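Structure file input12.txt (compact mmCIF, N, CA, C and O atoms) follows.
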```txt
# COMPACT_ATOMS: atom_id res chain seq x y z
N MET A 16 -22.97 -1.79 -3.67
CA MET A 16 -22.00 -1.37 -4.65
C MET A 16 -22.61 -0.33 -5.59
O MET A 16 -21.90 0.52 -6.10
N ASN A 17 -23.91 -0.38 -5.79
CA ASN A 17 -24.58 0.55 -6.70
C ASN A 17 -24.45 1.99 -6.22
O ASN A 17 -24.31 2.90 -7.03
N SER A 18 -24.48 2.21 -4.88
CA SER A 18 -24.35 3.57 -4.37
C SER A 18 -22.96 4.12 -4.64
O SER A 18 -22.80 5.32 -4.88
N ILE A 19 -21.93 3.26 -4.64
CA ILE A 19 -20.58 3.70 -4.97
C ILE A 19 -20.53 4.18 -6.41
O ILE A 19 -20.00 5.24 -6.71
N VAL A 20 -21.10 3.40 -7.31
CA VAL A 20 -21.12 3.77 -8.74
C VAL A 20 -21.87 5.08 -8.94
O VAL A 20 -21.41 5.95 -9.69
N ASN A 21 -22.98 5.26 -8.25
CA ASN A 21 -23.74 6.51 -8.38
C ASN A 21 -22.92 7.71 -7.91
O ASN A 21 -22.91 8.76 -8.56
N LYS A 22 -22.25 7.56 -6.78
CA LYS A 22 -21.41 8.65 -6.27
C LYS A 22 -20.30 8.99 -7.25
O LYS A 22 -20.02 10.15 -7.53
N LEU A 23 -19.61 7.96 -7.76
CA LEU A 23 -18.51 8.20 -8.71
C LEU A 23 -19.01 8.85 -9.98
O LEU A 23 -18.36 9.74 -10.53
N ASN A 24 -20.18 8.43 -10.45
CA ASN A 24 -20.77 9.05 -11.65
C ASN A 24 -21.14 10.51 -11.41
O ASN A 24 -21.20 11.29 -12.35
N ASN A 25 -21.38 10.87 -10.16
CA ASN A 25 -21.72 12.26 -9.82
C ASN A 25 -20.49 13.10 -9.49
O ASN A 25 -20.62 14.21 -8.97
N GLY A 26 -19.29 12.56 -9.76
CA GLY A 26 -18.09 13.35 -9.60
C GLY A 26 -17.38 13.24 -8.26
O GLY A 26 -16.41 13.95 -8.01
N TYR A 27 -17.85 12.37 -7.39
CA TYR A 27 -17.20 12.19 -6.09
C TYR A 27 -16.00 11.26 -6.23
O TYR A 27 -15.95 10.41 -7.12
N THR A 28 -15.04 11.39 -5.34
CA THR A 28 -13.89 10.49 -5.23
C THR A 28 -14.02 9.76 -3.91
O THR A 28 -14.30 10.37 -2.88
N LEU A 29 -13.84 8.44 -3.94
CA LEU A 29 -13.92 7.62 -2.74
C LEU A 29 -12.54 7.51 -2.12
O LEU A 29 -11.57 7.20 -2.79
N TYR A 30 -12.45 7.76 -0.82
CA TYR A 30 -11.22 7.58 -0.05
C TYR A 30 -11.50 6.55 1.03
O TYR A 30 -12.49 6.65 1.74
N PHE A 31 -10.62 5.54 1.14
CA PHE A 31 -10.81 4.48 2.12
C PHE A 31 -9.43 4.06 2.62
O PHE A 31 -8.55 3.73 1.83
N SER A 32 -9.23 4.11 3.92
CA SER A 32 -7.95 3.69 4.50
C SER A 32 -8.17 3.30 5.95
O SER A 32 -9.24 3.51 6.50
N TYR A 33 -7.13 2.74 6.56
CA TYR A 33 -7.14 2.42 7.98
C TYR A 33 -6.19 3.36 8.70
O TYR A 33 -5.13 3.70 8.18
N ASP A 34 -6.55 3.78 9.91
CA ASP A 34 -5.64 4.61 10.70
C ASP A 34 -4.68 3.72 11.49
O ASP A 34 -4.70 2.50 11.36
N ARG A 35 -3.85 4.32 12.31
CA ARG A 35 -2.84 3.56 13.06
C ARG A 35 -3.44 2.58 14.06
O ARG A 35 -2.80 1.62 14.44
N ASP A 36 -4.67 2.84 14.49
CA ASP A 36 -5.35 1.95 15.43
C ASP A 36 -6.18 0.89 14.71
O ASP A 36 -7.01 0.23 15.33
N GLU A 37 -6.00 0.76 13.40
CA GLU A 37 -6.70 -0.20 12.55
C GLU A 37 -8.20 0.06 12.48
O GLU A 37 -8.99 -0.87 12.29
N ASN A 38 -8.61 1.32 12.62
CA ASN A 38 -10.00 1.69 12.41
C ASN A 38 -10.15 2.16 10.97
O ASN A 38 -9.33 2.91 10.46
N ALA A 39 -11.21 1.71 10.30
CA ALA A 39 -11.45 2.09 8.91
C ALA A 39 -11.87 3.55 8.83
O ALA A 39 -12.64 4.04 9.66
N ARG A 40 -11.34 4.26 7.84
CA ARG A 40 -11.75 5.63 7.54
C ARG A 40 -12.18 5.64 6.09
O ARG A 40 -11.43 5.19 5.22
N ALA A 41 -13.36 6.14 5.82
CA ALA A 41 -13.85 6.17 4.44
C ALA A 41 -14.80 7.33 4.25
O ALA A 41 -15.45 7.78 5.19
N GLY A 42 -14.87 7.79 3.04
CA GLY A 42 -15.80 8.86 2.70
C GLY A 42 -15.57 9.34 1.28
O GLY A 42 -14.65 8.89 0.60
N TYR A 43 -16.43 10.22 0.85
CA TYR A 43 -16.36 10.77 -0.50
C TYR A 43 -16.04 12.25 -0.43
O TYR A 43 -16.44 12.94 0.50
N LEU A 44 -15.34 12.74 -1.46
CA LEU A 44 -15.11 14.17 -1.62
C LEU A 44 -15.37 14.54 -3.07
O LEU A 44 -15.04 13.78 -3.98
N LYS A 45 -15.98 15.70 -3.27
CA LYS A 45 -16.24 16.20 -4.62
C LYS A 45 -15.71 17.62 -4.70
O LYS A 45 -16.04 18.47 -3.88
N LYS A 46 -14.84 17.86 -5.68
CA LYS A 46 -14.27 19.20 -5.88
C LYS A 46 -15.20 20.00 -6.78
O LYS A 46 -15.57 19.55 -7.87
N THR A 47 -15.60 21.18 -6.31
CA THR A 47 -16.46 22.07 -7.10
C THR A 47 -15.84 23.46 -7.13
O THR A 47 -14.83 23.71 -6.47
N ASP A 48 -16.45 24.35 -7.86
CA ASP A 48 -15.99 25.74 -7.90
C ASP A 48 -16.14 26.42 -6.54
O ASP A 48 -15.51 27.43 -6.27
N TYR A 49 -16.99 25.85 -5.69
CA TYR A 49 -17.26 26.44 -4.37
C TYR A 49 -16.46 25.78 -3.26
O TYR A 49 -16.61 26.12 -2.10
N GLY A 50 -15.62 24.79 -3.59
CA GLY A 50 -14.83 24.09 -2.59
C GLY A 50 -15.09 22.60 -2.62
O GLY A 50 -15.69 22.06 -3.55
N MET A 51 -14.63 21.91 -1.59
CA MET A 51 -14.79 20.46 -1.49
C MET A 51 -16.09 20.12 -0.78
O MET A 51 -16.43 20.72 0.24
N ILE A 52 -16.82 19.16 -1.34
CA ILE A 52 -18.08 18.71 -0.75
C ILE A 52 -17.88 17.29 -0.23
O ILE A 52 -17.65 16.36 -1.01
N PRO A 53 -17.93 17.07 1.10
CA PRO A 53 -17.79 15.72 1.64
C PRO A 53 -19.13 14.99 1.64
O PRO A 53 -20.20 15.60 1.61
N SER A 54 -19.06 13.66 1.65
CA SER A 54 -20.26 12.84 1.73
C SER A 54 -19.89 11.55 2.45
O SER A 54 -18.82 10.99 2.21
N ALA A 55 -20.74 11.08 3.33
CA ALA A 55 -20.45 9.88 4.11
C ALA A 55 -20.55 8.64 3.24
O ALA A 55 -21.32 8.58 2.29
N LEU A 56 -19.77 7.63 3.59
CA LEU A 56 -19.81 6.34 2.89
C LEU A 56 -20.89 5.49 3.53
O LEU A 56 -20.96 5.37 4.75
N THR A 57 -21.75 4.90 2.71
CA THR A 57 -22.80 4.01 3.21
C THR A 57 -22.61 2.62 2.63
O THR A 57 -22.13 2.47 1.51
N GLY A 58 -22.93 1.59 3.37
CA GLY A 58 -22.75 0.23 2.90
C GLY A 58 -21.34 -0.26 3.17
O GLY A 58 -20.50 0.44 3.70
N GLU A 59 -21.07 -1.50 2.80
CA GLU A 59 -19.76 -2.10 3.04
C GLU A 59 -19.07 -2.40 1.72
O GLU A 59 -19.69 -2.82 0.77
N ALA A 60 -17.77 -2.20 1.69
CA ALA A 60 -16.98 -2.52 0.50
C ALA A 60 -16.83 -4.03 0.38
O ALA A 60 -16.79 -4.73 1.38
N GLU A 61 -16.73 -4.52 -0.85
CA GLU A 61 -16.65 -5.96 -1.08
C GLU A 61 -15.37 -6.31 -1.83
O GLU A 61 -15.38 -7.05 -2.80
N PHE A 62 -14.25 -5.80 -1.37
CA PHE A 62 -12.97 -6.04 -2.02
C PHE A 62 -12.01 -6.67 -1.02
O PHE A 62 -11.16 -5.98 -0.47
N PRO A 63 -12.07 -7.99 -0.76
CA PRO A 63 -11.24 -8.59 0.29
C PRO A 63 -9.74 -8.38 0.08
O PRO A 63 -9.03 -8.04 1.02
N TYR A 64 -9.22 -8.59 -1.13
CA TYR A 64 -7.79 -8.42 -1.39
C TYR A 64 -7.38 -6.97 -1.19
O TYR A 64 -6.38 -6.67 -0.55
N VAL A 65 -8.17 -6.06 -1.72
CA VAL A 65 -7.87 -4.64 -1.59
C VAL A 65 -7.95 -4.22 -0.13
O VAL A 65 -7.10 -3.48 0.37
N LEU A 66 -8.94 -4.71 0.60
CA LEU A 66 -9.07 -4.37 2.01
C LEU A 66 -7.88 -4.87 2.82
O LEU A 66 -7.46 -4.21 3.76
N ASP A 67 -7.33 -6.02 2.46
CA ASP A 67 -6.13 -6.51 3.14
C ASP A 67 -4.97 -5.54 2.93
O ASP A 67 -4.23 -5.24 3.87
N LEU A 68 -4.79 -5.05 1.70
CA LEU A 68 -3.72 -4.10 1.43
C LEU A 68 -3.97 -2.78 2.16
O LEU A 68 -3.04 -2.16 2.69
N VAL A 69 -5.23 -2.36 2.22
CA VAL A 69 -5.58 -1.13 2.92
C VAL A 69 -5.28 -1.29 4.42
O VAL A 69 -4.76 -0.38 5.05
N LYS A 70 -5.57 -2.47 4.95
CA LYS A 70 -5.31 -2.72 6.36
C LYS A 70 -3.81 -2.70 6.66
O LYS A 70 -3.39 -2.38 7.77
N GLN A 71 -2.99 -2.98 5.66
CA GLN A 71 -1.54 -2.94 5.82
C GLN A 71 -0.98 -1.52 5.68
O GLN A 71 0.21 -1.31 5.73
N GLY A 72 -1.87 -0.54 5.47
CA GLY A 72 -1.42 0.85 5.44
C GLY A 72 -1.58 1.56 4.11
O GLY A 72 -1.33 2.75 4.01
N ARG A 73 -2.00 0.85 3.07
CA ARG A 73 -2.20 1.50 1.78
C ARG A 73 -3.52 2.26 1.77
O ARG A 73 -4.39 2.04 2.60
N THR A 74 -3.68 3.17 0.81
CA THR A 74 -4.91 3.94 0.65
C THR A 74 -5.53 3.63 -0.71
O THR A 74 -4.82 3.59 -1.71
N LEU A 75 -6.83 3.43 -0.74
CA LEU A 75 -7.57 3.18 -1.98
C LEU A 75 -8.28 4.45 -2.39
O LEU A 75 -8.96 5.07 -1.58
N GLN A 76 -8.13 4.84 -3.66
CA GLN A 76 -8.83 6.00 -4.20
C GLN A 76 -9.54 5.57 -5.47
O GLN A 76 -8.92 5.00 -6.37
N LEU A 77 -10.84 5.82 -5.58
CA LEU A 77 -11.64 5.53 -6.78
C LEU A 77 -12.31 6.81 -7.24
O LEU A 77 -12.86 7.55 -6.44
N CYS A 78 -12.29 7.05 -8.55
CA CYS A 78 -12.98 8.23 -9.08
C CYS A 78 -13.38 7.98 -10.53
O CYS A 78 -12.90 7.05 -11.17
N LEU A 79 -14.26 8.81 -11.04
CA LEU A 79 -14.70 8.74 -12.42
C LEU A 79 -13.57 9.22 -13.31
O LEU A 79 -12.95 10.25 -13.07
N SER A 80 -13.26 8.46 -14.35
CA SER A 80 -12.17 8.79 -15.25
C SER A 80 -12.58 9.90 -16.21
O SER A 80 -13.76 10.17 -16.42
N ASP A 81 -11.58 10.54 -16.80
CA ASP A 81 -11.84 11.55 -17.83
C ASP A 81 -12.20 10.90 -19.16
O ASP A 81 -12.65 11.57 -20.08
N VAL A 82 -11.98 9.60 -19.30
CA VAL A 82 -12.22 8.89 -20.54
C VAL A 82 -13.51 8.09 -20.43
O VAL A 82 -13.62 7.16 -19.65
N GLY A 83 -14.50 8.46 -21.21
CA GLY A 83 -15.76 7.72 -21.25
C GLY A 83 -16.41 7.62 -19.89
O GLY A 83 -16.40 8.55 -19.10
N PHE A 84 -16.98 6.46 -19.61
CA PHE A 84 -17.65 6.22 -18.34
C PHE A 84 -16.87 5.21 -17.50
O PHE A 84 -17.44 4.44 -16.76
N MET A 85 -15.54 5.22 -17.65
CA MET A 85 -14.70 4.30 -16.91
C MET A 85 -14.32 4.91 -15.56
O MET A 85 -14.42 6.11 -15.37
N PHE A 86 -13.88 4.06 -14.64
CA PHE A 86 -13.45 4.50 -13.33
C PHE A 86 -11.94 4.33 -13.21
O PHE A 86 -11.35 3.46 -13.83
N THR A 87 -11.33 5.17 -12.40
CA THR A 87 -9.91 5.07 -12.11
C THR A 87 -9.77 4.63 -10.66
O THR A 87 -10.38 5.23 -9.78
N ALA A 88 -9.01 3.58 -10.43
CA ALA A 88 -8.74 3.10 -9.08
C ALA A 88 -7.24 3.16 -8.85
O ALA A 88 -6.46 2.72 -9.69
N MET A 89 -6.85 3.75 -7.73
CA MET A 89 -5.44 3.82 -7.36
C MET A 89 -5.28 3.30 -5.95
O MET A 89 -6.08 3.60 -5.08
N LEU A 90 -4.24 2.52 -5.77
CA LEU A 90 -3.93 1.95 -4.47
C LEU A 90 -2.49 2.31 -4.17
O LEU A 90 -1.60 1.99 -4.95
N GLY A 91 -2.26 3.02 -3.10
CA GLY A 91 -0.90 3.46 -2.81
C GLY A 91 -0.73 3.89 -1.38
O GLY A 91 -1.55 3.58 -0.52
N ASN A 92 0.33 4.63 -1.15
CA ASN A 92 0.64 5.14 0.18
C ASN A 92 0.41 6.63 0.23
O ASN A 92 0.79 7.35 -0.71
N ALA A 93 -0.19 7.10 1.30
CA ALA A 93 -0.40 8.53 1.48
C ALA A 93 0.93 9.16 1.89
O ALA A 93 1.59 8.67 2.80
N ILE A 94 1.32 10.21 1.19
CA ILE A 94 2.55 10.93 1.51
C ILE A 94 2.21 12.41 1.63
O ILE A 94 1.16 12.85 1.17
N LEU A 95 3.09 13.16 2.25
CA LEU A 95 2.89 14.60 2.40
C LEU A 95 3.81 15.34 1.46
O LEU A 95 5.00 15.02 1.35
N GLU A 96 3.26 16.33 0.74
CA GLU A 96 4.03 17.16 -0.17
C GLU A 96 3.74 18.62 0.10
O GLU A 96 2.90 18.96 0.90
N GLY A 97 4.41 19.47 -0.63
CA GLY A 97 4.25 20.90 -0.44
C GLY A 97 5.41 21.45 0.37
O GLY A 97 6.16 20.69 0.98
N PRO A 98 5.55 22.75 0.40
CA PRO A 98 6.68 23.35 1.10
C PRO A 98 6.77 22.97 2.58
O PRO A 98 7.84 22.86 3.13
N TYR A 99 5.62 22.74 3.21
CA TYR A 99 5.59 22.43 4.63
C TYR A 99 4.94 21.07 4.90
O TYR A 99 4.54 20.79 6.02
N GLY A 100 4.82 20.24 3.87
CA GLY A 100 4.19 18.94 4.04
C GLY A 100 2.71 19.04 4.36
O GLY A 100 2.16 18.20 5.04
N GLU A 101 2.06 20.10 3.85
CA GLU A 101 0.66 20.34 4.19
C GLU A 101 -0.33 19.65 3.25
O GLU A 101 -1.52 19.60 3.54
N GLU A 102 0.14 19.10 2.14
CA GLU A 102 -0.76 18.47 1.17
C GLU A 102 -0.57 16.96 1.20
O GLU A 102 0.52 16.46 1.01
N GLU A 103 -1.68 16.23 1.45
CA GLU A 103 -1.61 14.79 1.44
C GLU A 103 -1.83 14.32 0.01
O GLU A 103 -2.77 14.71 -0.66
N CYS A 104 -0.93 13.48 -0.49
CA CYS A 104 -0.99 12.96 -1.85
C CYS A 104 -0.92 11.45 -1.81
O CYS A 104 -0.52 10.86 -0.82
N LEU A 105 -1.29 10.83 -2.92
CA LEU A 105 -1.24 9.37 -3.03
C LEU A 105 -0.07 8.99 -3.91
O LEU A 105 0.04 9.44 -5.05
N ASP A 106 0.87 8.21 -3.36
CA ASP A 106 2.05 7.77 -4.10
C ASP A 106 1.79 6.38 -4.65
O ASP A 106 1.49 5.46 -3.91
```
Mind converting the file's structure to structure tokens?
Amino acid sequence: MNSIVNKLNNGYTLYFSYDRDENARAGYLKKTDYGMIPSALTGEAEFPYVLDLVKQGRTLQLCLSDVGFMFTAMLGNAILEGPYGEEECLD
């Protein structure tokens, strides 16, 4: 869990979801002036209730909050937005 906190403190956002074949997909992304920087997820998540919801099709997003040293966690459904549905968003 400590590596997750370190990544979030360094500005990365954690994305974790299951695909249609029930395979876990997870990783980190960091937005910079030069573009998005991906980073692989290491270790196992320890959130049984959240993982059950993720397995049912929801997406978990964790990132460092703009307020103090708190974290923001969002659990929702991935939807497509934009003129052609090209942007994946979390509802």
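With only N, CA, C and O atoms as the atoms that count, the residue of A:Cys78, A:Met51, A:Cys104, A:Val69 with the shortest distance to A:Asn38 is A:Val69.
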Next item on the list: Enumerate, as a PyMOL selection string, the complete set of residues in chain A that a backbone-based DSSP assignment places in alpha helix (DSSP H).
Entry: chain A and resi 17-24+63-70
Checklist line | Separation of atom CA of A:Leu77 from atom CA of A:Glu37 in Å | finding: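 If I compute the distance from atom CA of A:Glu37 to atom CA of A:Leu77, I get 20.8 Å.
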Next item on the list: List the residues sitting within 8 Å of (-19.2, 10.4, -7.1) in the file's frame, using all atoms listed in the file, as JSON, numbers by chain.
Entry: {"A": [18, 19, 20, 21, 22, 23, 24, 25, 26, 27, 28, 29, 43, 44, 45, 77, 78, 79]}
Next item on the list: Report as a PyMOL selection string: the residues of chain A with a DSSP assignment of strand (DSSP E), based on the backbone of this structure.
Entry: chain A and resi 28-33+39-47+50-54+74-79+86-91+93-96+102-105
Next item on the list: Just the residues within 5 Å of stretch 85-94 of chain A, please, counting all atoms listed in the file, with nothing from its chain fewer than 2 positions along; format it as a list in words.
Entry: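 Close residues of stretch 85-94 of chain A: Gly72, Arg73, Thr74, Leu75, Gln76, Leu77, Cys78, Leu79, Ser80, Val82, Gly83, Glu96, Glu102, Glu103, Cys104, Leu105 and Asp106 of chain A.
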Next item on the list: Step by step: start from the point (-22.2, 13.5, 1.6) in the file's coordinates, keep every protein, DNA or RNA residue that has an atom no farther than 8 Å from it, count all atoms listed in the file, and write the set as a list in words.
Entry: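 Neighbouring residues, ordered by chain and number, come to Gly42, Tyr43, Leu44, Ile52, Pro53, Ser54, Ala55 and Leu56 of chain A.
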Check: So how many Å separate atom CA of A:Tyr49 and atom CA of A:Tyr99, to one decimal?
Finding: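 Here the two named atoms are 24.9 Å from each other.
Relative to atom CA of A:Phe31, atom CA of A:Gly100 is found at 20.9 Å.
Considering the residues A:Tyr64, A:Lys70, A:Gly50, A:Pro98 and counting only N, CA, C and O atoms, A:Asp34 has its shortest atom-to-atom contact with A:Lys70.
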Box dimensions and centre (Å, one decimal) enclosing stretch 40-50 of chain A, axis-aligned, 4 Å extra per side, as AutoDock Vina command-line options:
```
--center_x -14.3 --center_y 15.8 --center_z 0.0 --size_x 13.9 --size_y 31.2 --size_z 23.7
```
